[in-house]
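J.: coords-v6.cif is reproduced below (mmCIF, C-alpha atoms).
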data_protein
loop_
_atom_site.label_atom_id
_atom_site.label_comp_id
_atom_site.auth_asym_id
_atom_site.auth_seq_id
_atom_site.Cartn_x
_atom_site.Cartn_y
_atom_site.Cartn_z
CA MET A 1 82.08 99.96 141.68
CA GLU A 2 78.39 100.97 141.89
CA PHE A 3 77.50 104.65 141.35
CA GLY A 4 76.20 104.76 144.92
CA SER A 5 79.59 103.64 146.19
CA LEU A 6 81.28 106.34 144.11
CA ASP A 7 79.02 109.00 145.64
CA GLN A 8 79.84 107.64 149.09
CA ALA A 9 83.55 107.72 148.34
CA GLU A 10 83.23 111.34 147.18
CA GLU A 11 81.46 112.27 150.46
CA ILE A 12 84.16 110.61 152.58
CA TYR A 13 86.88 112.31 150.53
CA GLN A 14 85.28 115.76 150.95
CA GLN A 15 84.85 115.13 154.69
CA ILE A 16 88.56 114.30 155.06
CA ILE A 17 89.50 117.45 153.12
CA GLU A 18 87.23 119.62 155.30
CA GLU A 19 88.63 118.14 158.52
CA THR A 20 92.26 118.56 157.44
CA GLU A 21 94.15 121.83 157.79
CA GLU A 22 95.41 123.33 154.54
CA ASN A 23 99.05 123.27 155.61
CA ASP A 24 98.82 119.62 156.66
CA GLU A 25 100.82 117.15 154.48
CA LYS A 26 97.76 114.90 154.22
CA TYR A 27 95.71 117.81 152.81
CA ILE A 28 98.36 118.64 150.22
CA TYR A 29 98.71 114.97 149.24
CA LEU A 30 94.95 114.57 148.82
CA LYS A 31 94.63 117.74 146.73
CA VAL A 32 97.46 116.54 144.47
CA ILE A 33 95.67 113.21 144.01
CA GLU A 34 92.44 115.07 143.25
CA ILE A 35 94.14 117.17 140.56
CA GLU A 36 95.81 114.13 139.00
CA ILE A 37 92.54 112.17 138.87
CA LYS A 38 90.77 115.19 137.41
CA ALA A 39 93.50 115.56 134.76
CA GLU A 40 93.28 111.87 133.79
CA SER A 41 89.47 112.07 133.61
CA ILE A 42 89.54 115.12 131.34
CA LEU A 43 91.91 113.39 128.91
CA LYS A 44 89.86 110.18 128.88
CA ILE A 45 86.59 112.03 128.26
CA THR A 46 88.24 114.06 125.47
CA LYS A 47 89.51 110.88 123.78
CA ILE A 48 86.07 109.25 123.99
CA ASN A 49 84.44 112.33 122.38
CA GLN A 50 87.24 113.12 119.91
CA GLU A 51 85.05 112.50 116.84
CA ASN A 52 82.96 115.54 117.83
CA GLN A 53 85.93 117.87 118.44
CA THR A 54 88.49 119.63 116.27
CA TYR A 55 92.21 119.07 116.80
CA GLU A 56 92.46 122.70 117.94
CA ASP A 57 89.84 122.11 120.66
CA MET A 58 91.60 118.96 121.83
CA LEU A 59 94.95 120.77 121.89
CA VAL A 60 93.47 123.46 124.16
CA VAL A 61 92.16 120.75 126.52
CA GLY A 62 95.56 119.04 126.59
CA GLU A 63 97.37 122.30 127.34
CA GLU A 64 94.91 123.11 130.15
CA VAL A 65 95.53 119.66 131.67
CA GLU A 66 99.28 120.26 131.39
CA GLN A 67 98.93 123.54 133.33
CA LEU A 68 96.76 121.78 135.91
CA LEU A 69 99.41 119.13 136.49
CA GLN A 70 102.25 121.67 136.53
CA SER A 71 100.51 123.31 139.50
CA THR A 72 101.51 120.32 141.65
CA GLY A 73 105.12 119.41 142.37
CA SER A 74 104.70 115.69 141.74
CA GLY A 75 102.53 116.27 138.68
CA GLN A 76 105.50 117.60 136.73
CA ASN A 77 107.32 114.27 136.75
CA GLY A 78 104.69 111.56 137.11
CA MET A 79 102.73 109.21 134.87
CA GLU A 80 99.94 111.78 134.59
CA ILE A 81 102.13 114.35 132.81
CA ILE A 82 103.45 111.58 130.54
CA ASN A 83 99.88 110.63 129.58
CA CYS A 84 99.17 114.30 128.97
CA PHE A 85 102.26 114.78 126.78
CA GLN A 86 101.51 111.61 124.81
CA PHE A 87 98.00 112.93 124.21
CA LEU A 88 99.38 116.32 123.11
CA ALA A 89 101.97 114.64 120.86
CA GLU A 90 99.23 112.63 119.15
CA ILE A 91 97.18 115.78 118.45
CA LEU A 92 100.23 117.82 117.37
CA GLU A 93 101.25 115.06 114.96
CA LYS A 94 97.77 115.05 113.39
CA MET A 95 98.03 118.84 113.03
CA GLY A 96 101.40 118.46 111.27
CA ASP A 97 103.46 120.02 114.09
CA TYR A 98 105.96 117.16 114.21
CA PHE A 99 108.73 119.11 115.95
CA GLN A 100 106.59 119.92 119.00
CA ALA A 101 105.19 116.38 119.07
CA LEU A 102 108.72 114.93 119.15
CA GLU A 103 109.70 117.43 121.85
CA LYS A 104 106.86 116.26 124.11
CA LEU A 105 107.76 112.60 123.61
CA ASN A 106 111.48 113.18 124.23
CA TYR A 107 110.52 114.78 127.54
CA CYS A 108 108.42 111.68 128.35
CA GLU A 109 111.41 109.45 127.62
CA GLN A 110 113.63 111.40 130.03
CA ILE A 111 111.02 111.32 132.84
CA LEU A 112 110.49 107.57 132.44
CA LYS A 113 114.21 106.82 132.45
CA THR A 114 114.60 108.81 135.68
CA MET A 115 111.57 107.08 137.21
CA LYS A 116 113.02 103.66 136.38
CA GLN A 117 116.40 104.52 137.92
CA ASN A 118 114.70 105.58 141.16
CA GLU A 119 112.28 102.62 141.29
CA LYS A 120 113.36 99.53 143.23
CA GLN A 121 110.24 97.36 142.87
CA GLU A 122 110.41 95.03 139.86
CA LYS A 123 106.66 95.15 139.25
CA LYS A 124 106.68 98.95 139.04
CA GLN A 125 109.80 98.90 136.85
CA ARG A 126 107.95 96.67 134.40
CA LYS A 127 105.04 99.13 134.32
CA ILE A 128 107.51 101.93 133.52
CA ASP A 129 109.12 99.79 130.80
CA ILE A 130 105.74 99.19 129.14
CA LYS A 131 105.06 102.93 129.15
CA LEU A 132 108.54 103.62 127.76
CA SER A 133 107.97 101.15 124.92
CA ASN A 134 104.73 102.96 124.14
CA VAL A 135 106.60 106.28 123.92
CA TYR A 136 109.28 104.71 121.68
CA GLU A 137 106.59 103.35 119.37
CA GLN A 138 105.02 106.81 119.14
CA LEU A 139 108.42 108.36 118.35
CA GLY A 140 109.07 105.69 115.71
CA THR A 141 105.70 106.30 114.06
CA ILE A 142 106.26 110.06 113.82
CA TYR A 143 109.77 109.69 112.37
CA ASN A 144 108.39 107.20 109.88
CA ASN A 145 105.60 109.60 108.90
CA ILE A 146 108.13 112.37 108.22
CA TYR A 147 110.15 109.98 106.05
CA ASP A 148 113.07 109.50 108.45
CA GLN A 149 112.72 105.71 108.32
CA GLU A 150 116.15 105.01 109.84
CA LYS A 151 115.19 106.84 113.04
CA GLY A 152 111.71 105.36 112.87
CA LEU A 153 113.15 101.84 112.80
CA TYR A 154 115.57 102.71 115.61
CA TYR A 155 112.74 103.64 118.00
CA ILE A 156 110.44 100.78 116.96
CA GLN A 157 113.31 98.36 117.63
CA LYS A 158 113.88 99.97 121.06
CA ALA A 159 110.21 99.39 121.90
CA LYS A 160 110.49 95.82 120.59
CA CYS A 161 113.60 95.12 122.72
CA ILE A 162 111.68 96.05 125.88
CA TRP A 163 108.89 93.63 124.97
CA GLU A 164 111.33 90.82 124.16
CA LYS A 165 112.23 90.81 127.87
CA ILE A 166 108.62 91.11 129.07
CA ASP A 167 107.10 88.66 126.56
CA PRO A 168 109.85 86.35 125.17
CA GLU A 169 107.28 83.98 123.58
CA ILE A 170 105.69 86.91 121.69
CA GLN A 171 102.12 86.16 122.76
CA ASN A 172 101.04 89.71 123.64
CA LEU A 173 99.13 91.50 120.84
CA TYR A 174 101.00 94.77 121.49
CA HIS A 175 104.32 92.91 121.06
CA ILE A 176 103.09 91.29 117.83
CA ASN A 177 102.05 94.74 116.59
CA LEU A 178 105.61 96.02 117.20
CA VAL A 179 106.97 93.19 115.02
CA PHE A 180 104.45 94.32 112.38
CA GLN A 181 105.47 98.01 112.74
CA SER A 182 109.13 97.03 112.38
CA GLY A 183 108.19 95.20 109.17
CA ILE A 184 106.45 98.30 107.78
CA VAL A 185 109.52 100.51 108.31
CA GLN A 186 111.81 97.90 106.75
CA PHE A 187 109.39 97.67 103.82
CA GLN A 188 109.68 101.43 103.31
CA LEU A 189 113.47 101.14 103.47
CA GLY A 190 113.33 98.48 100.74
CA ASN A 191 114.52 95.62 102.98
CA TYR A 192 111.97 93.23 101.47
CA GLU A 193 113.56 90.00 102.66
CA ASN A 194 113.65 91.14 106.30
CA CYS A 195 110.19 92.66 106.32
CA LEU A 196 108.67 89.57 104.67
CA LYS A 197 110.03 87.49 107.56
CA ASN A 198 108.29 89.87 109.97
CA PHE A 199 105.00 89.79 108.07
CA ASN A 200 104.97 85.99 107.73
CA PHE A 201 105.74 85.69 111.46
CA VAL A 202 102.86 88.06 112.35
CA LYS A 203 100.49 86.14 110.05
CA GLU A 204 101.38 82.87 111.76
CA LYS A 205 101.01 84.38 115.26
CA LEU A 206 97.59 85.90 114.56
CA GLU A 207 96.00 82.80 113.03
CA PRO A 208 93.29 81.77 113.70
CA VAL A 209 92.18 85.38 113.52
CA GLY A 210 89.86 86.96 116.08
CA GLN A 211 87.94 90.24 115.79
CA GLU A 212 90.37 91.99 118.19
CA CYS A 213 93.34 91.53 115.84
CA ALA A 214 91.53 91.55 112.47
CA GLU A 215 92.78 95.02 111.49
CA ILE A 216 96.47 94.18 112.02
CA TYR A 217 95.98 90.84 110.25
CA LEU A 218 94.40 92.46 107.17
CA LYS A 219 97.06 95.17 106.94
CA ASN A 220 99.73 92.50 107.34
CA LEU A 221 98.28 90.49 104.43
CA PHE A 222 98.21 93.68 102.37
CA TYR A 223 101.96 94.22 102.87
CA ILE A 224 102.69 90.60 101.91
CA ALA A 225 100.63 91.12 98.73
CA GLN A 226 102.58 94.32 97.99
CA ILE A 227 105.91 92.49 98.29
CA GLN A 228 104.67 89.77 95.92
CA GLN A 229 103.66 92.48 93.45
CA ILE A 230 107.03 94.28 93.74
CA GLN A 231 108.86 90.98 93.21
CA GLY A 232 106.79 90.32 90.07
CA ASP A 233 104.75 87.39 91.38
CA PHE A 234 101.42 88.89 90.28
CA SER A 235 99.48 85.64 90.60
CA LYS A 236 100.39 85.26 94.28
CA ALA A 237 99.71 88.94 94.91
CA LEU A 238 96.21 88.62 93.40
CA ASN A 239 95.54 85.55 95.55
CA PHE A 240 96.39 87.59 98.65
CA CYS A 241 94.09 90.39 97.46
CA THR A 242 91.25 87.86 97.12
CA GLN A 243 91.98 86.51 100.62
CA ILE A 244 91.89 90.04 102.05
CA TYR A 245 88.51 90.75 100.40
CA GLN A 246 87.14 87.54 101.95
CA GLU A 247 88.51 88.38 105.40
CA ILE A 248 87.10 91.92 105.24
CA GLU A 249 83.63 90.54 104.45
CA LYS A 250 83.93 88.23 107.45
CA PHE A 251 84.98 90.89 109.98
CA ARG A 252 83.27 94.11 108.93
CA VAL A 253 79.71 93.06 109.86
CA GLY A 254 78.30 95.83 112.05
CA ASN A 255 81.39 98.00 111.48
CA GLU A 256 81.42 98.74 107.75
CA LEU A 257 83.80 101.72 107.92
CA LYS A 258 86.49 100.18 110.14
CA PHE A 259 88.26 98.37 107.31
CA LEU A 260 87.58 100.98 104.62
CA PRO A 261 91.22 102.22 104.38
CA VAL A 262 92.43 98.62 103.94
CA SER A 263 89.72 97.94 101.31
CA ILE A 264 90.69 101.01 99.28
CA ARG A 265 94.39 100.15 99.41
CA VAL A 266 93.69 96.58 98.27
CA PHE A 267 91.51 97.82 95.38
CA TYR A 268 94.42 100.09 94.39
CA LEU A 269 97.01 97.31 94.67
CA GLU A 270 94.85 95.00 92.55
CA GLY A 271 94.55 97.80 89.99
CA ILE A 272 98.34 98.16 89.79
CA ILE A 273 98.69 94.39 89.32
CA ARG A 274 96.03 94.46 86.58
CA LEU A 275 97.97 97.25 84.81
CA ASN A 276 101.15 95.17 85.02
CA ASN A 277 99.23 92.25 83.50
CA LYS A 278 97.85 94.57 80.78
CA GLU A 279 94.32 93.78 82.00
CA TYR A 280 93.17 97.34 81.40
CA ASP A 281 89.39 96.82 81.79
CA GLU A 282 89.92 95.30 85.25
CA ALA A 283 92.40 98.07 86.19
CA VAL A 284 89.83 100.75 85.29
CA GLU A 285 87.18 98.91 87.32
CA CYS A 286 89.53 98.88 90.34
CA GLY A 287 90.17 102.59 89.78
CA TYR A 288 86.46 103.39 89.99
CA ARG A 289 86.12 101.29 93.16
CA VAL A 290 88.97 103.25 94.76
CA LYS A 291 87.68 106.62 93.58
CA ASP A 292 83.99 106.08 94.42
CA SER A 293 84.71 104.67 97.90
CA ALA A 294 87.08 107.54 98.69
CA ILE A 295 84.64 110.22 97.49
CA GLU A 296 81.77 108.71 99.48
CA PHE A 297 83.60 108.41 102.79
CA LEU A 298 86.69 110.66 102.62
CA GLY A 299 85.84 113.57 100.29
CA PHE A 300 86.51 114.68 96.72
CA GLU A 301 90.07 115.88 97.35
CA ASP A 302 91.36 112.87 99.28
CA GLU A 303 94.62 111.32 98.02
CA TYR A 304 92.81 108.01 97.40
CA VAL A 305 90.57 109.82 94.89
CA GLY A 306 93.80 110.74 93.11
CA ASP A 307 94.96 107.11 93.21
CA GLY A 308 91.66 106.02 91.67
CA ASN A 309 92.09 108.59 88.90
CA TYR A 310 95.59 107.25 88.24
CA LEU A 311 94.28 103.70 87.64
CA ILE A 312 91.42 104.99 85.49
CA GLY A 313 93.71 107.30 83.51
CA GLU A 314 96.43 104.74 82.89
CA GLY A 315 93.93 101.98 82.06
CA LEU A 316 91.85 104.06 79.62
CA TYR A 317 94.88 105.60 77.92
CA GLN A 318 96.56 102.23 77.35
CA GLN A 319 93.27 100.80 76.06
CA GLY A 320 93.04 103.74 73.66
CA VAL A 321 96.58 103.12 72.42
CA LEU A 322 95.85 99.42 71.80
CA MET A 323 92.53 100.10 70.08
CA GLN A 324 93.73 103.26 68.32
CA ASN A 325 90.78 105.04 69.93
CA GLN A 326 91.46 108.76 70.49
CA GLU A 327 88.32 109.21 72.57
CA LEU A 328 89.49 106.61 75.10
CA LYS A 329 92.95 108.17 75.17
CA ASN A 330 91.46 111.61 75.88
CA GLU A 331 89.32 110.21 78.71
CA GLY A 332 92.44 108.65 80.19
CA ILE A 333 94.38 111.90 79.91
CA GLN A 334 91.58 113.80 81.69
CA SER A 335 91.69 111.34 84.62
CA TYR A 336 95.47 111.66 84.65
CA ARG A 337 95.15 115.47 84.89
CA GLU A 338 92.87 115.05 87.90
CA TYR A 339 95.39 112.70 89.51
CA ILE A 340 98.18 115.28 89.08
CA ARG A 341 95.94 118.07 90.42
CA ILE A 342 95.19 116.13 93.63
CA LEU A 343 98.84 115.06 94.03
CA GLU A 344 99.83 118.75 94.03
CA LYS A 345 97.82 119.19 97.24
CA TYR A 346 99.99 116.68 99.15
CA PRO A 347 103.54 118.04 99.77
CA GLN A 348 104.68 114.67 101.17
CA LYS A 349 104.04 113.11 97.74
CA ILE A 350 106.41 115.41 95.87
CA LYS A 351 108.59 112.58 94.49
CA GLU A 352 105.53 110.73 93.23
CA LEU A 353 104.38 113.98 91.64
CA GLU A 354 107.72 114.43 89.85
CA LYS A 355 107.59 110.87 88.48
CA ASN A 356 104.04 111.27 87.17
CA LEU A 357 104.67 114.71 85.69
CA LEU A 358 107.35 113.05 83.55
CA LYS A 359 104.79 110.43 82.50
CA ILE A 360 102.07 112.91 81.51
CA ILE A 361 104.65 115.10 79.71
CA GLN A 362 105.57 112.07 77.60
CA ILE A 363 101.87 111.45 76.88
CA PHE A 364 101.38 115.08 75.74
CA ASP A 365 104.51 114.75 73.60
CA ASN A 366 103.14 111.56 71.97
CA GLU A 367 99.71 113.11 71.39
CA GLY A 368 101.01 116.43 70.05
CA TYR A 369 99.43 118.58 72.80
CA TYR A 370 102.03 121.37 72.70
CA ASP A 371 100.40 123.94 75.03
CA GLU A 372 99.72 121.42 77.78
CA LEU A 373 103.17 119.91 77.37
CA ILE A 374 104.83 123.30 78.02
CA LYS A 375 102.50 123.96 80.98
CA TYR A 376 103.44 120.65 82.64
CA VAL A 377 107.16 121.08 81.92
CA GLU A 378 106.96 124.32 83.95
CA LYS A 379 105.20 122.42 86.74
CA LEU A 380 108.07 119.92 86.65
CA ARG A 381 110.61 122.76 86.82
CA LYS A 382 108.93 124.17 89.94
CA ILE A 383 108.87 120.74 91.63
CA ARG A 384 112.52 120.03 90.82
CA ILE A 385 113.59 123.40 92.25
CA GLN A 386 111.72 122.50 95.45
CA LEU A 387 113.39 119.06 95.61
CA ILE A 388 116.85 120.57 95.11
CA GLU A 389 116.25 123.12 97.88
CA GLU A 390 114.97 120.44 100.26
CA ASN A 391 117.70 117.88 99.56
CA PHE A 392 120.63 120.30 99.63
CA SER A 393 119.44 122.85 102.21
CA GLU A 394 122.87 122.91 103.90
CA GLN A 395 124.87 123.20 100.66
CA LYS A 396 123.95 126.64 99.29
CA ASP A 397 126.65 126.67 96.57
CA LYS A 398 125.52 123.29 95.26
CA ILE A 399 121.87 124.45 95.08
CA SER A 400 122.71 127.23 92.63
CA ASN A 401 124.70 124.91 90.34
CA LEU A 402 122.05 122.16 90.40
CA LYS A 403 119.26 124.63 89.61
CA GLN A 404 121.25 126.02 86.69
CA GLU A 405 121.96 122.55 85.33
CA MET A 406 118.32 121.48 85.69
CA ASN A 407 117.03 124.66 83.99
CA GLN A 408 119.42 124.20 81.08
CA LYS A 409 118.19 120.63 80.51
CA LEU A 410 114.51 121.62 80.61
CA ASP A 411 115.12 124.64 78.36
CA ALA A 412 116.92 122.39 75.87
CA TYR A 413 113.96 119.98 75.95
CA ILE A 414 111.51 122.85 75.33
CA ASN A 415 113.58 124.03 72.35
CA THR A 416 113.51 120.49 70.93
CA ILE A 417 109.71 120.39 71.35
CA LYS A 418 109.32 123.78 69.64
CA LYS A 419 111.23 122.48 66.63
CA LYS A 420 109.21 119.27 66.61
CA PHE A 421 105.91 121.20 66.60
CA ASN A 422 107.19 124.02 64.36
CA VAL A 423 106.50 126.67 67.00
#
Using the file provided, produce a representation of the structure as structure tokens.
T.:
Amino acid sequence: MEFGSLDQAEEIYQQIIEETEENDEKYIYLKVIEIEIKAESILKITKINQENQTYEDMLVVGEEVEQLLQSTGSGQNGMEIINCFQFLAEILEKMGDYFQALEKLNYCEQILKTMKQNEKQEKKQRKIDIKLSNVYEQLGTIYNNIYDQEKGLYYIQKAKCIWEKIDPEIQNLYHINLVFQSGIVQFQLGNYENCLKNFNFVKEKLEPVGQECAEIYLKNLFYIAQIQQIQGDFSKALNFCTQIYQEIEKFRVGNELKFLPVSIRVFYLEGIIRLNNKEYDEAVECGYRVKDSAIEFLGFEDEYVGDGNYLIGEGLYQQGVLMQNQELKNEGIQSYREYIRILEKYPQKIKELEKNLLKIIQIFDNEGYYDELIKYVEKLRKIRIQLIEENFSEQKDKISNLKQEMNQKLDAYINTIKKKFNV
């Protein structure tokens, strides 16, 4: 529609409003429509400009739109409030308020189910189904992000079931993406055989690859490479890494940052494979690529900077061991310290932190660094207390016993170390 036509439409609308009495049903209906359009417009404009706004600012906008829609009877149970709640859920999730985000989406689910029951037209039912699948996907993603993969898979599968009826040939990109999302959750659950079927299916469906689906395709290849690495087929995994690098070069022209997260993850995966192959020079090189890219675009404290430090630390330390070079070993240990320091900033990585504290403690033990060894054992103690409290929150009696047992083991280890170092 031309802008002139829009202005004309606005004039006609205002004329109808002015000529209609306020208690007339037509007036009320038109005002409701006006509010709903205004609400939708505000959300769309906010999404377009989200790079220039904080999450707090966007949350305020979303809540104001919610109040606007609540002021109309129909606005409380229509598509507009669902769009608003989905928007709010997205922002709340990014802010780490998962409970409220899930609450908003559960409300959306109930509204949509009621709408579908009351809708007789098949075309409109399908529209509701598509929206419902979108809500299920959002629920699945949040549960997956808070490490409840079973629930995450449950909701992703519910979304997928809706699309299996709408698109039985699996031609729609959104449907293909749901197959991919299902594969990711199964990967995280360790169901490698099932998820590999999903990833291979997605790869086949997306080829030949167009710009519109390049991001999914690259991420999909990355997961296939990860599975090959986990299963010990390092040669195949490296071949997939090479293919991903080539595809990124092909698609990132004019949009260099779009595929940056994939690039960094592939550099990291290649580094892990190089470590497994004892190709320490190449692993260190991958570590610097991860670290430097992350610092440039994501900041000094980003988790990928930590991952880069891990590759550098492990690679340099192992080189130092092979070459009996203390200087290299010390450089590796310093990078490892940085990796641990950054890991401590990410509560969701607590299990990874525990595993790597054990590794650096062993390094300090081997190198005879008594003071640092004791310092990191105490870090490990603190982390294990936290894990016990989180894993057994509903079993108070068990918590006390487990803490006591864990403390006894660590104290016994410290006593052994003291004897070893004559302290």
J.: Tell me which of A:Ile385, A:Ile414, A:Leu322, A:Leu92 sits closest to Leu402 in chain A, counting only C-alpha atoms.
T.: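 Using only C-alpha atoms, Leu402 in chain A sits closest to A:Ile385.
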J.: For the point (102.0, 90.3, 121.4) in file coordinates, what residues are within 10 Å, counting only C-alpha atoms? Give the answer as a PDB file with C-alpha atoms, keeping the file's coordinate frame?
T.:
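out25.pdb, written as the output of this step:
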ATOM      1  CA  TRP A 163     108.890  93.630 124.970  1.00  0.00           C
ATOM      2  CA  GLU A 164     111.330  90.820 124.160  1.00  0.00           C
ATOM      3  CA  ASP A 167     107.100  88.660 126.560  1.00  0.00           C
ATOM      4  CA  PRO A 168     109.850  86.350 125.170  1.00  0.00           C
ATOM      5  CA  GLU A 169     107.280  83.980 123.580  1.00  0.00           C
ATOM      6  CA  ILE A 170     105.690  86.910 121.690  1.00  0.00           C
ATOM      7  CA  GLN A 171     102.120  86.160 122.760  1.00  0.00           C
ATOM      8  CA  ASN A 172     101.040  89.710 123.640  1.00  0.00           C
ATOM      9  CA  LEU A 173      99.130  91.500 120.840  1.00  0.00           C
ATOM     10  CA  TYR A 174     101.000  94.770 121.490  1.00  0.00           C
ATOM     11  CA  HIS A 175     104.320  92.910 121.060  1.00  0.00           C
ATOM     12  CA  ILE A 176     103.090  91.290 117.830  1.00  0.00           C
ATOM     13  CA  ASN A 177     102.050  94.740 116.590  1.00  0.00           C
ATOM     14  CA  LEU A 178     105.610  96.020 117.200  1.00  0.00           C
ATOM     15  CA  VAL A 179     106.970  93.190 115.020  1.00  0.00           C
ATOM     16  CA  VAL A 202     102.860  88.060 112.350  1.00  0.00           C
ATOM     17  CA  LYS A 205     101.010  84.380 115.260  1.00  0.00           C
ATOM     18  CA  LEU A 206      97.590  85.900 114.560  1.00  0.00           C
TER      19      LEU A 206
END
J.: Which residues, named as in the file, does the PyMOL selection byres ((chain A and resi 342) around 8) pick out? Answer as a ChimeraX atom specification.
T.: /A:301-303,305-306,338-341,343-346
J.: What's the separation between CA of Gln362 in chain A and CA of Lys419 in chain A, in Å to one decimal place?
T.: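 Taking CA of Gln362 in chain A and CA of Lys419 in chain A, their separation equals 16.1 Å.
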J.: If I wrap all listed atoms of range 262-273 of chain A in a box with edges along x, y and z and add 5 Å on each side, what are its centre and edge lengths in Å to one decimal, as lines of an AutoDock Vina configuration file?
T.:
center_x = 94.2
center_y = 97.7
center_z = 96.6
size_x = 19.0
size_y = 16.6
size_z = 24.6
J.: Within 12 Å of Arg126 in chain A, counting all atoms listed in the file, which residues show up once you throw out same-chain ones fewer than 3 positions away? Write them as a list in words, please.
T.: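 Close residues of Arg126 in chain A: Leu112, Met115, Lys116, Glu119, Lys120, Gln121, Glu122, Lys123, Asp129, Ile130, Lys131, Leu132, Ser133, Ile162, Trp163, Lys165, Ile166 and Asp167 of chain A.
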J.: One number please: CA of Asn134 in chain A to CA of Tyr304 in chain A, in Å, one decimal.
T.: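 Taking CA of Asn134 in chain A as the start and CA of Tyr304 in chain A as the end point, the length is 29.7 Å.
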J.: To verify the selection step, state as an MDAnalysis selection string which residues the PyMOL selection byres ((chain A and resi 259) around 12) yields on this input.
T.: chainID A and resid 211 214:219 244:245 247:258 260:266 293 297
J.: Given the file shown, determine the residues that the PyMOL selection byres ((chain A and resi 376) around 10) selects; report them as a ChimeraX atom specification.
T.: /A:340,357-358,360-361,364,371-375,377-382
J.: Export C-alpha atoms of the chosen residues as an mmCIF file, in the coordinates of the input?
T.:
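Written output follows (out_35.cif):
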data_model
loop_
_atom_site.group_PDB
_atom_site.id
_atom_site.type_symbol
_atom_site.label_atom_id
_atom_site.label_comp_id
_atom_site.auth_asym_id
_atom_site.auth_seq_id
_atom_site.Cartn_x
_atom_site.Cartn_y
_atom_site.Cartn_z
ATOM 1 C CA ILE A 340 98.180 115.280 89.080
ATOM 2 C CA LEU A 357 104.670 114.710 85.690
ATOM 3 C CA LEU A 358 107.350 113.050 83.550
ATOM 4 C CA ILE A 360 102.070 112.910 81.510
ATOM 5 C CA ILE A 361 104.650 115.100 79.710
ATOM 6 C CA PHE A 364 101.380 115.080 75.740
ATOM 7 C CA ASP A 371 100.400 123.940 75.030
ATOM 8 C CA GLU A 372 99.720 121.420 77.780
ATOM 9 C CA LEU A 373 103.170 119.910 77.370
ATOM 10 C CA ILE A 374 104.830 123.300 78.020
ATOM 11 C CA LYS A 375 102.500 123.960 80.980
ATOM 12 C CA VAL A 377 107.160 121.080 81.920
ATOM 13 C CA GLU A 378 106.960 124.320 83.950
ATOM 14 C CA LYS A 379 105.200 122.420 86.740
ATOM 15 C CA LEU A 380 108.070 119.920 86.650
ATOM 16 C CA ARG A 381 110.610 122.760 86.820
ATOM 17 C CA LYS A 382 108.930 124.170 89.940
#
J.: May I have the residues within 8 Å of range 229-234 of chain A as a list of chain:residue names, using all atoms listed in the file and disregarding those fewer than 3 positions away in the same chain?
T.: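 Counting all atoms listed in the file, the residues come to A:Ala225, A:Gln226, A:Ala237, A:Leu238, A:Ile273, A:Asn277.
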J.: Calculate how many Å separate CA of Gln188 in chain A from CA of Lys151 in chain A, rounding to one decimal.
T.: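 Separating CA of Gln188 in chain A from CA of Lys151 in chain A is a distance of 12.4 Å.
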J.: Considering only C-alpha atoms, give me a table of residues in range 217-282 of chain A that are at most 8 Å from range 307-313 of chain A, with the closest atom pair and distance in Å for each, as a tab-separated table.
T.:
residue	atom	partner	partner_atom	distance
A:Tyr268	CA	A:Gly308	CA	7.1
A:Gly271	CA	A:Leu311	CA	6.4
A:Ile272	CA	A:Leu311	CA	7.2
A:Leu275	CA	A:Leu311	CA	8.0
J.: Residues at most 7 Å from Cys195 in chain A, counting only C-alpha atoms, excluding those fewer than 6 positions away in the same chain, as a PDB file with C-alpha atoms, in the frame of the given file?
T.:
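Resulting contents of part28.pdb:
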ATOM      1  CA  GLY A 183     108.190  95.200 109.170  1.00  0.00           C
ATOM      2  CA  ILE A 184     106.450  98.300 107.780  1.00  0.00           C
ATOM      3  CA  GLN A 186     111.810  97.900 106.750  1.00  0.00           C
ATOM      4  CA  PHE A 187     109.390  97.670 103.820  1.00  0.00           C
TER       5      PHE A 187
END
J.: Compute the distance from (87.6, 103.1, 84.1) to each atom, counting only C-alpha atoms, keep the residues with any atom at most 10 Å away, and return them as a ChimeraX atom specification; use the coordinates of the file.
T.: /A:280-289,308-317,328,331-332,335
J.: I need the residue nearest Phe85 in chain A from this list: A:Phe201, A:Tyr336, A:Tyr107, A:Phe99. Use only C-alpha atoms for the distance.
T.: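 The closest residue to Phe85 in chain A is A:Tyr107.
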J.: Measuring between all atoms listed in the file, which one of A:Glu279, A:Glu109, A:Glu93, A:Glu405 shows the shortest distance to Ile81 in chain A?
T.: A:Glu109
J.: Considering only C-alpha atoms, can you say which of A:Asn366, A:Phe392, A:Tyr55, A:Met79 comes closest to Lys124 in chain A?
T.: A:Met79
